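With compact mmCIF, C-alpha atoms inside, this is entry_20.txt:
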```txt
# COMPACT_ATOMS: atom_id res chain seq x y z
CA MET A 1 0.00 0.00 0.00
CA PRO A 2 1.75 3.18 -1.13
CA HIS A 3 1.40 6.39 0.90
CA LEU A 4 0.56 4.47 4.09
CA LYS A 5 3.34 6.30 5.89
CA VAL A 6 2.07 9.68 4.72
CA ALA A 7 -1.49 8.78 5.71
CA TYR A 8 -0.38 7.68 9.15
CA ASN A 9 1.59 10.87 9.83
CA LEU A 10 -1.40 13.08 9.06
CA ALA A 11 -3.80 10.75 10.88
CA ARG A 12 -1.55 10.73 13.95
CA TYR A 13 -1.32 14.54 14.04
CA LEU A 14 -5.04 14.97 13.47
CA SER A 15 -6.27 12.42 15.99
CA GLY A 16 -3.56 13.03 18.60
CA ASN A 17 -3.07 9.41 19.70
CA ASP A 18 -1.81 6.10 18.29
CA ASP A 19 -5.02 4.07 18.52
CA ASP A 20 -7.27 6.60 16.81
CA ALA A 21 -4.61 7.18 14.18
CA ALA A 22 -4.44 3.45 13.42
CA ASP A 23 -8.24 3.22 13.09
CA LEU A 24 -8.32 6.32 10.96
CA VAL A 25 -5.64 4.98 8.61
CA GLN A 26 -7.34 1.63 8.30
CA ASP A 27 -10.73 3.19 7.53
CA SER A 28 -9.21 5.58 5.03
CA CYS A 29 -7.18 2.93 3.21
CA LEU A 30 -10.23 0.72 2.84
CA LYS A 31 -12.25 3.64 1.54
CA ALA A 32 -9.46 4.57 -0.85
CA PHE A 33 -9.28 1.00 -2.08
CA LYS A 34 -13.04 0.74 -2.46
CA PHE A 35 -13.34 3.93 -4.45
CA TYR A 36 -10.09 3.60 -6.35
CA ASP A 37 -11.98 2.89 -9.58
CA GLY A 38 -13.61 6.30 -9.25
CA PHE A 39 -10.29 8.10 -8.74
CA ARG A 40 -9.44 10.13 -11.85
CA GLY A 41 -6.61 12.34 -10.60
CA ASN A 42 -2.89 11.70 -10.90
CA ASN A 43 -1.95 12.58 -7.34
CA GLY A 44 -2.71 9.47 -5.31
CA ARG A 45 -0.98 10.88 -2.22
CA ALA A 46 -3.16 14.00 -2.15
CA TRP A 47 -6.23 11.89 -2.79
CA LEU A 48 -5.49 9.52 0.12
CA LEU A 49 -4.79 12.44 2.45
CA THR A 50 -8.10 14.03 1.44
CA ILE A 51 -9.82 10.79 2.46
CA VAL A 52 -7.90 10.66 5.78
CA ARG A 53 -8.90 14.24 6.52
CA ASN A 54 -12.56 13.80 5.55
CA THR A 55 -12.81 10.60 7.57
CA PHE A 56 -11.30 12.35 10.58
CA TYR A 57 -13.77 15.22 10.42
CA SER A 58 -16.82 13.03 9.89
CA ASP A 59 -15.77 10.90 12.89
CA LEU A 60 -15.28 14.07 14.89
CA ARG A 61 -18.76 15.28 13.98
CA GLN A 62 -20.24 11.96 15.12
CA LYS A 63 -18.37 12.16 18.41
CA LYS A 64 -19.57 15.73 18.90
CA ASN A 65 -23.14 14.59 18.34
CA LYS A 66 -22.64 11.99 21.06
CA GLY A 67 -21.62 14.78 23.38
CA VAL A 68 -17.87 14.27 23.49
CA GLU A 69 -16.24 17.54 24.39
CA CYS A 70 -13.74 18.99 22.01
CA GLU A 71 -10.85 21.03 23.25
CA PHE A 72 -10.61 24.58 22.13
CA ASN A 73 -7.53 26.51 23.04
CA GLU A 74 -8.47 30.16 23.20
CA ASP A 75 -4.89 31.38 23.42
CA LEU A 76 -3.79 29.63 20.29
CA HIS A 77 -6.80 30.82 18.36
CA ASN A 78 -5.81 34.36 19.05
CA VAL A 79 -2.29 34.13 17.75
CA GLU A 80 -0.98 37.56 17.05
CA ILE A 81 0.28 37.89 13.55
CA SER A 82 2.23 41.09 13.79
CA GLY A 83 4.85 39.94 16.23
CA THR A 84 7.31 41.98 18.20
CA THR A 85 10.93 42.12 17.17
CA PRO A 86 11.66 38.61 15.96
CA GLU A 87 14.07 36.50 17.85
CA THR A 88 16.16 34.03 15.96
CA LEU A 89 15.19 30.40 16.19
CA VAL A 90 18.12 28.19 16.95
CA ILE A 91 17.75 24.59 15.97
CA ASN A 92 19.03 22.02 18.38
CA ALA A 93 18.10 18.56 19.55
CA GLU A 94 16.02 20.07 22.33
CA ASN A 95 13.64 22.09 20.20
CA ILE A 96 13.24 19.33 17.65
CA LYS A 97 11.80 17.24 20.45
CA LEU A 98 9.48 20.08 21.30
CA VAL A 99 8.14 20.50 17.78
CA ARG A 100 5.78 17.53 17.99
CA ASP A 101 4.19 18.88 21.15
CA MET A 102 3.91 22.37 19.73
CA LEU A 103 2.41 21.14 16.52
CA GLU A 104 -0.09 18.99 18.37
CA LYS A 105 -1.18 21.95 20.47
CA LEU A 106 -1.80 24.04 17.37
CA PRO A 107 -5.50 24.37 16.43
CA VAL A 108 -6.34 21.63 13.97
CA GLU A 109 -7.07 23.94 10.99
CA PHE A 110 -3.58 25.46 11.33
CA ARG A 111 -2.00 22.10 12.12
CA GLU A 112 -3.22 20.39 8.96
CA VAL A 113 -2.05 23.10 6.56
CA VAL A 114 1.38 23.23 8.24
CA ILE A 115 1.71 19.43 7.92
CA LEU A 116 0.58 19.39 4.29
CA ARG A 117 2.82 22.27 3.28
CA GLU A 118 5.91 21.83 5.44
CA MET A 119 6.08 18.06 5.86
CA GLU A 120 4.53 16.85 2.62
CA GLY A 121 5.60 19.77 0.44
CA PHE A 122 2.25 20.23 -1.30
CA SER A 123 1.75 23.46 -3.23
CA TYR A 124 -0.78 26.03 -1.98
CA LYS A 125 -3.17 24.85 -4.70
CA GLU A 126 -2.88 21.21 -3.66
CA VAL A 127 -3.34 22.07 0.02
CA ALA A 128 -6.39 24.16 -0.91
CA ASP A 129 -7.84 21.17 -2.77
CA ILE A 130 -7.21 18.73 0.07
CA VAL A 131 -8.54 21.04 2.79
CA ASN A 132 -11.29 22.33 0.48
CA VAL A 133 -10.79 26.04 1.20
CA PRO A 134 -9.63 28.90 -1.05
CA ILE A 135 -5.86 29.40 -1.54
CA GLY A 136 -6.06 32.70 0.37
CA THR A 137 -7.36 30.86 3.42
CA VAL A 138 -4.54 28.33 3.13
CA MET A 139 -2.03 31.19 3.06
CA SER A 140 -3.42 32.97 6.10
CA ARG A 141 -3.74 29.74 8.11
CA LEU A 142 -0.20 28.80 7.16
CA ALA A 143 1.14 32.22 8.20
CA ARG A 144 -0.66 32.12 11.54
CA GLY A 145 0.33 28.51 12.18
CA ARG A 146 3.97 29.24 11.51
CA LYS A 147 3.96 32.37 13.68
CA ALA A 148 2.41 30.43 16.54
CA LEU A 149 4.96 27.64 16.19
CA LEU A 150 7.87 30.05 15.99
CA LYS A 151 6.63 31.98 18.98
CA ALA A 152 6.21 28.84 21.03
CA LEU A 153 9.60 27.45 20.04
CA ILE A 154 11.46 30.71 20.63
CA ASN A 155 9.78 31.23 23.98
CA LYS A 156 10.73 27.70 25.03
CA ASN A 157 14.29 28.39 24.01
CA PHE A 158 14.33 31.50 26.12
CA ASP A 159 12.72 29.66 29.03
CA ARG A 160 15.54 27.18 29.00
CA ASP A 161 18.21 29.84 28.76
CA MET B 1 9.19 47.30 -0.97
CA ASP B 2 8.80 48.07 2.73
CA CYS B 3 8.61 45.78 5.79
CA ASN B 4 4.80 45.67 5.87
CA GLN B 5 4.55 44.54 2.27
CA THR B 6 7.33 42.04 2.81
CA LYS B 7 5.60 40.59 5.89
CA ILE B 8 2.53 39.87 3.74
CA LEU B 9 4.53 38.19 1.01
CA ILE B 10 7.25 36.47 3.02
CA ASP B 11 5.34 33.21 3.53
CA ALA B 12 4.71 32.81 -0.18
CA PHE B 13 8.31 33.79 -0.83
CA ALA B 14 9.62 31.12 1.58
CA ASP B 15 7.29 28.60 -0.06
CA ASN B 16 8.42 29.44 -3.60
CA GLU B 17 4.86 30.39 -4.46
CA LEU B 18 5.55 34.01 -5.32
CA ASP B 19 5.81 35.31 -8.88
CA ILE B 20 9.26 36.29 -10.12
CA ALA B 21 8.78 40.08 -10.00
CA ASN B 22 7.66 40.04 -6.34
CA SER B 23 10.28 37.42 -5.44
CA ILE B 24 13.03 39.74 -6.63
CA GLU B 25 11.55 42.64 -4.64
CA VAL B 26 11.27 40.56 -1.46
CA GLU B 27 14.78 39.20 -1.91
CA ARG B 28 16.14 42.72 -2.30
CA HIS B 29 14.34 43.92 0.82
CA ILE B 30 15.51 40.95 2.90
CA ALA B 31 19.10 41.65 1.90
CA ASP B 32 18.81 45.18 3.30
CA CYS B 33 16.44 44.71 6.27
CA LYS B 34 17.71 42.98 9.38
CA ASP B 35 14.28 42.30 10.89
CA CYS B 36 12.82 40.81 7.74
CA SER B 37 15.87 38.71 7.07
CA SER B 38 15.58 37.38 10.63
CA VAL B 39 11.94 36.45 10.00
CA TYR B 40 12.96 34.74 6.81
CA ARG B 41 15.74 32.78 8.50
CA ASN B 42 13.28 31.70 11.18
CA TYR B 43 11.00 30.34 8.47
CA LEU B 44 13.85 28.37 6.96
CA ALA B 45 14.76 27.05 10.39
CA LEU B 46 11.17 26.08 11.12
CA HIS B 47 10.96 24.36 7.79
CA SER B 48 14.02 22.23 8.47
CA VAL B 49 12.76 21.41 11.98
CA LEU B 50 9.42 20.27 10.61
CA ARG B 51 11.17 18.21 7.94
CA ASP B 52 13.17 16.40 10.59
CA GLU B 53 12.59 12.66 10.61
CA SER B 54 11.96 12.63 14.34
CA VAL B 55 8.95 14.91 13.89
CA TYR B 56 7.36 12.59 11.37
CA TYR B 57 5.19 9.79 12.73
CA THR B 58 5.84 6.39 11.21
CA PRO B 59 3.14 3.73 11.24
CA PRO B 60 3.73 0.73 13.50
CA ALA B 61 4.58 -2.48 11.59
CA GLU B 62 1.46 -4.08 13.06
CA LEU B 63 -0.76 -1.49 11.39
CA ILE B 64 0.89 -2.00 7.98
CA LYS B 65 0.19 -5.73 8.28
CA LYS B 66 -3.38 -5.13 9.36
CA VAL B 67 -4.14 -2.71 6.55
CA THR B 68 -2.54 -4.94 3.93
CA ALA B 69 -4.55 -7.92 5.23
CA SER B 70 -7.86 -6.06 5.22
CA ILE B 71 -7.24 -4.81 1.71
CA THR B 72 -6.37 -8.27 0.46
CA SER B 73 -9.59 -9.68 1.90
CA SER B 74 -11.65 -6.88 0.38
CA GLU B 75 -9.78 -7.44 -2.88
CA LYS B 76 -11.04 -11.03 -2.87
CA LYS B 77 -14.57 -9.83 -2.27
CA GLN B 78 -14.24 -7.40 -5.14
CA VAL B 79 -12.99 -10.15 -7.43
CA ILE B 80 -16.11 -12.16 -6.61
CA MET B 81 -18.25 -9.08 -7.22
CA LYS B 82 -16.45 -8.48 -10.47
CA SER B 83 -17.05 -12.05 -11.63
CA ARG B 84 -20.75 -11.46 -10.99
CA ILE B 85 -20.56 -8.25 -12.95
CA PHE B 86 -18.82 -10.24 -15.65
CA SER B 87 -21.81 -12.55 -15.97
CA TRP B 88 -23.98 -9.47 -16.46
CA GLN B 89 -21.50 -8.27 -19.05
CA SER B 90 -21.65 -11.56 -20.89
CA ALA B 91 -25.45 -11.41 -20.86
CA ALA B 92 -25.22 -7.93 -22.33
CA ALA B 93 -22.71 -9.15 -24.90
CA LEU B 94 -25.01 -12.02 -25.84
CA PHE B 95 -27.87 -9.57 -26.27
CA ALA B 96 -25.72 -7.31 -28.45
CA PHE B 97 -24.59 -10.29 -30.48
CA SER B 98 -28.14 -11.46 -31.13
CA ALA B 99 -29.09 -7.93 -32.10
CA ILE B 100 -26.27 -7.90 -34.66
CA VAL B 101 -27.36 -11.29 -35.98
CA LEU B 102 -30.89 -9.96 -36.32
CA ILE B 103 -29.62 -6.96 -38.26
CA PHE B 104 -27.70 -9.28 -40.57
CA ILE B 105 -30.80 -11.37 -41.19
CA VAL B 106 -32.72 -8.24 -42.06
CA LEU B 107 -29.92 -7.09 -44.35
CA PHE B 108 -29.82 -10.48 -46.00
CA ARG B 109 -33.50 -10.18 -46.76
CA THR B 110 -33.07 -6.66 -48.06
CA PRO B 111 -32.71 -7.44 -51.83
CA ALA B 112 -36.12 -9.07 -51.86
CA THR B 113 -37.56 -6.18 -49.89
CA THR B 114 -36.04 -3.61 -52.23
CA GLU B 115 -37.48 -5.43 -55.20
CA THR B 116 -40.93 -5.36 -53.64
CA GLN B 117 -40.46 -1.70 -52.79
CA LEU B 118 -39.28 -1.02 -56.31
CA THR B 119 -42.35 -2.76 -57.74
CA GLU B 120 -44.48 -0.57 -55.50
CA GLN B 121 -42.68 2.52 -56.72
CA ILE B 122 -43.08 1.47 -60.34
CA VAL B 123 -46.80 0.98 -59.86
CA ASP B 124 -47.09 4.28 -57.99
CA ASN B 125 -45.31 6.13 -60.77
CA HIS B 126 -47.42 4.38 -63.36
CA MET B 127 -50.62 5.44 -61.57
CA ARG B 128 -49.38 8.97 -61.18
CA SER B 129 -48.55 9.11 -64.91
CA LEU B 130 -52.19 8.25 -65.64
CA MET B 131 -53.43 11.29 -63.77
CA PRO B 132 -54.43 14.17 -66.07
CA ASN B 133 -51.46 15.80 -67.83
CA HIS B 134 -48.85 13.60 -66.21
CA LEU B 135 -48.37 10.92 -68.80
CA ILE B 136 -45.92 12.46 -71.21
CA ASP B 137 -43.36 15.23 -71.41
CA VAL B 138 -42.72 14.71 -75.11
CA GLN B 139 -45.62 13.65 -77.25
CA SER B 140 -44.66 11.89 -80.45
CA THR B 141 -45.16 8.60 -82.21
CA ASP B 142 -41.81 9.07 -83.86
CA GLN B 143 -38.97 7.28 -82.07
CA HIS B 144 -36.56 9.77 -83.65
CA THR B 145 -38.30 12.58 -81.83
CA VAL B 146 -38.70 10.81 -78.49
CA LYS B 147 -35.17 9.39 -78.19
CA PRO B 148 -33.29 12.69 -78.78
CA TRP B 149 -35.64 14.47 -76.38
CA PHE B 150 -33.86 12.71 -73.49
CA ASN B 151 -30.51 14.19 -74.54
CA GLY B 152 -29.22 16.50 -71.86
CA LYS B 153 -31.91 15.36 -69.44
CA LEU B 154 -30.35 12.02 -68.57
CA ASP B 155 -26.78 10.81 -68.59
CA PHE B 156 -27.77 7.93 -70.84
CA SER B 157 -29.83 7.42 -74.00
CA PRO B 158 -32.82 5.15 -73.47
CA PRO B 159 -33.89 2.64 -76.10
CA VAL B 160 -36.96 3.92 -77.94
CA THR B 161 -38.52 1.55 -80.46
CA ASP B 162 -41.50 2.01 -82.69
CA LEU B 163 -43.73 -1.02 -82.21
CA SER B 164 -46.85 0.29 -83.94
CA ALA B 165 -46.67 -2.57 -86.44
CA GLN B 166 -47.04 -5.01 -83.55
CA GLY B 167 -49.99 -3.08 -82.08
CA PHE B 168 -48.09 -1.11 -79.45
CA ILE B 169 -48.20 2.54 -80.39
CA LEU B 170 -45.44 4.81 -79.14
CA VAL B 171 -47.08 7.76 -77.41
CA GLY B 172 -44.10 9.64 -76.06
CA GLY B 173 -41.53 9.91 -73.31
CA ARG B 174 -41.30 11.29 -69.82
CA LEU B 175 -38.69 11.91 -67.18
CA ASP B 176 -39.39 10.10 -63.97
CA TYR B 177 -37.70 9.47 -60.69
CA ILE B 178 -37.27 6.01 -59.25
CA ASN B 179 -35.13 4.64 -56.45
CA GLY B 180 -33.36 7.95 -55.95
CA GLN B 181 -32.36 8.51 -59.55
CA PRO B 182 -33.82 10.04 -62.71
CA VAL B 183 -35.05 7.44 -65.17
CA ALA B 184 -36.56 7.40 -68.63
CA ALA B 185 -40.20 6.42 -69.00
CA ILE B 186 -41.30 5.51 -72.52
CA VAL B 187 -45.04 5.34 -72.96
CA TYR B 188 -46.85 2.95 -75.31
CA GLN B 189 -50.52 2.49 -75.93
CA ARG B 190 -52.39 -0.75 -76.60
CA LYS B 191 -56.04 0.04 -77.42
CA ALA B 192 -57.20 2.07 -74.39
CA HIS B 193 -54.38 0.85 -72.14
CA TYR B 194 -51.10 2.54 -71.47
CA ILE B 195 -47.82 0.81 -70.87
CA ASN B 196 -44.97 2.53 -69.05
CA LEU B 197 -41.53 1.20 -69.84
CA PHE B 198 -39.06 2.48 -67.27
CA PHE B 199 -35.40 2.33 -68.13
CA TRP B 200 -32.22 3.15 -66.27
CA PHE B 201 -28.66 2.00 -65.75
CA SER B 202 -27.33 0.48 -62.55
CA ASP B 203 -24.79 -2.08 -61.39
CA ASN B 204 -26.49 -5.45 -61.63
CA LYS B 205 -24.90 -8.60 -60.34
CA GLU B 206 -26.55 -10.87 -62.90
CA ASP B 207 -29.05 -10.74 -65.72
CA ILE B 208 -32.71 -11.30 -64.90
CA ASN B 209 -34.61 -12.81 -67.78
CA LYS B 210 -38.17 -11.93 -66.84
CA LYS B 211 -39.69 -11.38 -63.47
CA VAL B 212 -43.43 -11.00 -63.14
CA ALA B 213 -45.26 -9.32 -60.31
CA VAL B 214 -48.86 -8.36 -59.85
CA THR B 215 -49.53 -5.40 -57.61
CA ARG B 216 -52.88 -3.70 -57.00
CA GLY B 217 -54.25 -5.09 -60.25
CA TYR B 218 -51.28 -3.94 -62.34
CA ASN B 219 -48.94 -6.31 -64.07
CA VAL B 220 -45.26 -5.57 -63.67
CA ILE B 221 -42.54 -7.34 -65.59
CA HIS B 222 -38.89 -6.48 -65.24
CA TRP B 223 -35.66 -7.75 -66.66
CA THR B 224 -32.08 -6.70 -66.67
CA LYS B 225 -29.37 -7.11 -69.20
CA GLY B 226 -25.88 -6.10 -68.29
CA ASN B 227 -26.35 -2.88 -66.37
CA LYS B 228 -29.60 -1.99 -68.12
CA ASN B 229 -32.83 -2.14 -66.10
CA TYR B 230 -36.19 -2.49 -67.80
CA TRP B 231 -39.48 -2.30 -65.95
CA ALA B 232 -42.76 -2.53 -67.81
CA VAL B 233 -46.04 -1.83 -66.07
CA SER B 234 -49.60 -1.80 -67.37
CA ASP B 235 -53.14 -2.88 -66.69
CA ILE B 236 -53.24 -4.98 -69.87
CA ASN B 237 -53.31 -8.71 -69.34
CA LEU B 238 -50.08 -10.56 -68.70
CA THR B 239 -50.06 -12.34 -72.08
CA GLU B 240 -50.17 -9.06 -73.95
CA LEU B 241 -47.58 -7.44 -71.66
CA ASP B 242 -45.36 -10.45 -72.14
CA GLU B 243 -45.75 -10.12 -75.88
CA PHE B 244 -44.83 -6.45 -75.63
CA ILE B 245 -41.71 -7.32 -73.72
CA SER B 246 -40.72 -9.98 -76.23
CA ARG B 247 -41.01 -7.36 -79.00
CA ILE B 248 -38.84 -4.91 -77.04
CA GLN B 249 -36.26 -7.57 -76.25
CA GLU B 250 -36.07 -8.50 -79.92
CA THR B 251 -35.00 -5.00 -80.83
CA GLN B 252 -32.37 -4.61 -78.10
```

Structure encoded using structure tokens:
Amino acid sequence: MPHLKVAYNLARYLSGNDDDAADLVQDSCLKAFKFYDGFRGNNGRAWLLTIVRNTFYSDLRQKKNKGVECEFNEDLHNVEISGTTPETLVINAENIKLVRDMLEKLPVEFREVVILREMEGFSYKEVADIVNVPIGTVMSRLARGRKALLKALINKNFDRD
Amino acid sequence: MDCNQTKILIDAFADNELDIANSIEVERHIADCKDCSSVYRNYLALHSVLRDESVYYTPPAELIKKVTASITSSEKKQVIMKSRIFSWQSAAALFAFSAIVLIFIVLFRTPATTETQLTEQIVDNHMRSLMPNHLIDVQSTDQHTVKPWFNGKLDFSPPVTDLSAQGFILVGGRLDYINGQPVAAIVYQRKAHYINLFFWFSDNKEDINKKVAVTRGYNVIHWTKGNKNYWAVSDINLTELDEFISRIQETQ
């Protein structure tokens, strides 16, 4: 099964834990296999990730209907775009370890565009197609997601200093 | 380009999604502006952090096995489904095949049908010619007047014979239209009866000596010789029509 690794990475970041990610990947791969005959594009990776994402959100909606509470981090939703004087991010083993945590704490709509763009290297157009929003929205989410990540990482660095 | 403009475009610039003109502007500004170049370097740093292998989640081996297994089992199911679909396809193919066979049968019968249709047309044209002022375009008992009249009206010269000695008086000629082509109609009279002799050229596979048909009370006899088609139609009795045809054939 090609793209299983890619599907798992996104699923793991979306769902936030190993078990849900495994279920999500399994569901998505079966769906992808079932509907493969109907797939007319040439980007199988983008297509599979679209399925992973859609499956995640439809599961989330069902859970919400059952009354499962969904976290909403007010602070992260109000990320300030125009930052103060930027500090320089220094990469070291420490902050690489932190990146997973930071990324997972990012609101999901920022998280997914950062993963698709930074980790998978999709173009703005491809990300827009997968997430099903206009390119402008992709750009603003990406900018805010990056600023939030940078802020968090730089602050952590300073905390440790 | 100032810092505010650069801040708007810097994401797209870092992502290589900016057009060339703006890219050059942003690049120029970054080279001069310390703040913006710092932002840019942070983006590059973030990018390399996010691309680090340790940030990427890899699926457990167990999951890969599980997914592969579940797909294989559903693949088997699909194969069974497909074989069922195949039986539907073969039923459809059988239907299509029988339809084609049916078409071929119809086509095979076509010559006979066209001949019947042609007989009908001949009789129709004969009846129409008997309506007032429809019988003849050129009125003459002289074959040397009737025959040249067709010149320039048809791409062939029809045989026109004077048979008045045998009791078939040449009345004249007419242009007619049969089977999608202009034909010559030569009109003879036997007592009060008219005979239409239709003539045209076409590719015939073999000569037909004499073929008799009776339609709506009219006698129709046709024969072919080489690529010449002769159709005689009249309400005179068959013996007389046959005699007429024998006289015509003698002269050809």

task = Return the single residue from A:Leu30, A:Ala46, A:Ala21, A:Leu149 that is closest to Lys125 (chain A), with distances computed using only C-alpha atoms.
result =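 Among A:Leu30, A:Ala46, A:Ala21, A:Leu149, it is A:Ala46 that comes nearest to Lys125 (chain A).
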
request  = Do a neighbour search on Trp231 (chain B) at 8 Å with only C-alpha atoms, toss out local chain neighbours closer than 2 positions, and write the hits as a ChimeraX atom specification.
outcome  = /B:122,196-199,220-223,229,233

key: Non-local contacts of Arg111 (chain A) (10 Å; only C-alpha atoms; under 3 positions in same chain excluded) as a PyMOL selection string   = chain A and resi 10+13-14+102-108+114-116+141-142+145-146+149

ask   = Residues of chain B within 7 Å of chain A, using all atoms listed in the file, as JSON, numbers by chain?
value = {"B": [11, 35, 38, 39, 42, 45, 47, 49, 50, 51, 55, 56, 57, 58, 59, 63, 67, 68, 71]}

task = Rank nothing, just name the residue among B:Gly226, B:Gly152, B:Gly180, B:Pro132 nearest to Asn204 (chain B), using all atoms listed in the file.
result = B:Gly226

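From CA of Gln249 (chain B) back to CA of Ser164 (chain B), the distance works out to 15.3 Å.
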
ask   = When you draw a straight line from CA of Asp235 (chain B) to CA of Leu130 (chain B), how long is it in Å?
value =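 Spanning CA of Asp235 (chain B) to CA of Leu130 (chain B) is a straight-line distance of 11.2 Å.
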
ask   = Residues at most 12 Å from His126 (chain B), counting all atoms listed in the file, excluding those fewer than 4 positions away in the same chain, as a ChimeraX atom specification?
value = /B:119-122,130-131,134-136,174,176-178,185-187,193-198,215-216,218-220,231-235

Write the selection just made, keeping C-alpha atoms, as a PDB file, keeping the file's coordinate frame?
```
ATOM      1  CA  THR B 119     -42.350  -2.760 -57.740  1.00  0.00           C
ATOM      2  CA  GLU B 120     -44.480  -0.570 -55.500  1.00  0.00           C
ATOM      3  CA  GLN B 121     -42.680   2.520 -56.720  1.00  0.00           C
ATOM      4  CA  ILE B 122     -43.080   1.470 -60.340  1.00  0.00           C
ATOM      5  CA  LEU B 130     -52.190   8.250 -65.640  1.00  0.00           C
ATOM      6  CA  MET B 131     -53.430  11.290 -63.770  1.00  0.00           C
ATOM      7  CA  HIS B 134     -48.850  13.600 -66.210  1.00  0.00           C
ATOM      8  CA  LEU B 135     -48.370  10.920 -68.800  1.00  0.00           C
ATOM      9  CA  ILE B 136     -45.920  12.460 -71.210  1.00  0.00           C
ATOM     10  CA  ARG B 174     -41.300  11.290 -69.820  1.00  0.00           C
ATOM     11  CA  ASP B 176     -39.390  10.100 -63.970  1.00  0.00           C
ATOM     12  CA  TYR B 177     -37.700   9.470 -60.690  1.00  0.00           C
ATOM     13  CA  ILE B 178     -37.270   6.010 -59.250  1.00  0.00           C
ATOM     14  CA  ALA B 185     -40.200   6.420 -69.000  1.00  0.00           C
ATOM     15  CA  ILE B 186     -41.300   5.510 -72.520  1.00  0.00           C
ATOM     16  CA  VAL B 187     -45.040   5.340 -72.960  1.00  0.00           C
ATOM     17  CA  HIS B 193     -54.380   0.850 -72.140  1.00  0.00           C
ATOM     18  CA  TYR B 194     -51.100   2.540 -71.470  1.00  0.00           C
ATOM     19  CA  ILE B 195     -47.820   0.810 -70.870  1.00  0.00           C
ATOM     20  CA  ASN B 196     -44.970   2.530 -69.050  1.00  0.00           C
ATOM     21  CA  LEU B 197     -41.530   1.200 -69.840  1.00  0.00           C
ATOM     22  CA  PHE B 198     -39.060   2.480 -67.270  1.00  0.00           C
ATOM     23  CA  THR B 215     -49.530  -5.400 -57.610  1.00  0.00           C
ATOM     24  CA  ARG B 216     -52.880  -3.700 -57.000  1.00  0.00           C
ATOM     25  CA  TYR B 218     -51.280  -3.940 -62.340  1.00  0.00           C
ATOM     26  CA  ASN B 219     -48.940  -6.310 -64.070  1.00  0.00           C
ATOM     27  CA  VAL B 220     -45.260  -5.570 -63.670  1.00  0.00           C
ATOM     28  CA  TRP B 231     -39.480  -2.300 -65.950  1.00  0.00           C
ATOM     29  CA  ALA B 232     -42.760  -2.530 -67.810  1.00  0.00           C
ATOM     30  CA  VAL B 233     -46.040  -1.830 -66.070  1.00  0.00           C
ATOM     31  CA  SER B 234     -49.600  -1.800 -67.370  1.00  0.00           C
ATOM     32  CA  ASP B 235     -53.140  -2.880 -66.690  1.00  0.00           C
TER      33      ASP B 235
END
```

ask   = In Å, with one decimal, what is the gap from CA of Glu27 (chain B) to CA of Phe13 (chain B)?
value = 8.5 Å

ask   = List as number ranges by chain: which residues have an atom within 10 Å of (-29.4, -1.4, -64.0), counting all atoms listed in the file?
value = B: 199-207, 223-230

message = Can you pull out the residues contacting Pro148 (chain B)? Cut-off 12 Å, using all atoms listed in the file, and skip same-chain residues under 2 positions away; I want them as a PyMOL selection string.
response = chain B and resi 138+140+142-146+150-154+156-160+172-173+184

request  = Tell me which protein, DNA and RNA residues are within 9 Å of Phe168 (chain B), counting all atoms listed in the file, leaving out same-chain ones fewer than 3 positions away, and put them as number ranges by chain.
outcome  = B: 162-165, 188-191, 195, 244

task = Kindly extract all protein, DNA and RNA residues lying within 12 Å of the coordinates (13.4, 40.2, 1.4) given in the file, considering all atoms listed in the file, and supply them as an MDAnalysis selection string.
result = chainID B and resid 1:14 22:41

Would you mind completing region 121-129 of chain B so that it carries N, CA and C atoms, and writing it out as an mmCIF file, keeping the file's coordinate frame?
```cif
data_model
loop_
_atom_site.group_PDB
_atom_site.id
_atom_site.type_symbol
_atom_site.label_atom_id
_atom_site.label_comp_id
_atom_site.auth_asym_id
_atom_site.auth_seq_id
_atom_site.Cartn_x
_atom_site.Cartn_y
_atom_site.Cartn_z
ATOM 1 N N GLN B 121 -43.011 1.201 -56.148
ATOM 2 C CA GLN B 121 -42.680 2.520 -56.720
ATOM 3 C C GLN B 121 -43.066 2.602 -58.189
ATOM 4 N N ILE B 122 -42.776 1.513 -58.905
ATOM 5 C CA ILE B 122 -43.080 1.470 -60.340
ATOM 6 C C ILE B 122 -44.586 1.641 -60.559
ATOM 7 N N VAL B 123 -45.337 0.907 -59.725
ATOM 8 C CA VAL B 123 -46.800 0.980 -59.860
ATOM 9 C C VAL B 123 -47.296 2.375 -59.483
ATOM 10 N N ASP B 124 -46.723 2.914 -58.401
ATOM 11 C CA ASP B 124 -47.090 4.280 -57.990
ATOM 12 C C ASP B 124 -46.850 5.272 -59.125
ATOM 13 N N ASN B 125 -45.659 5.182 -59.708
ATOM 14 C CA ASN B 125 -45.310 6.130 -60.770
ATOM 15 C C ASN B 125 -46.202 5.935 -62.008
ATOM 16 N N HIS B 126 -46.526 4.673 -62.234
ATOM 17 C CA HIS B 126 -47.420 4.380 -63.360
ATOM 18 C C HIS B 126 -48.784 5.041 -63.124
ATOM 19 N N MET B 127 -49.305 4.878 -61.897
ATOM 20 C CA MET B 127 -50.620 5.440 -61.570
ATOM 21 C C MET B 127 -50.586 6.959 -61.637
ATOM 22 N N ARG B 128 -49.508 7.507 -61.144
ATOM 23 C CA ARG B 128 -49.380 8.970 -61.180
ATOM 24 C C ARG B 128 -49.349 9.460 -62.625
ATOM 25 N N SER B 129 -48.660 8.699 -63.490
ATOM 26 C CA SER B 129 -48.550 9.110 -64.910
ATOM 27 C C SER B 129 -49.918 9.121 -65.589
#
```
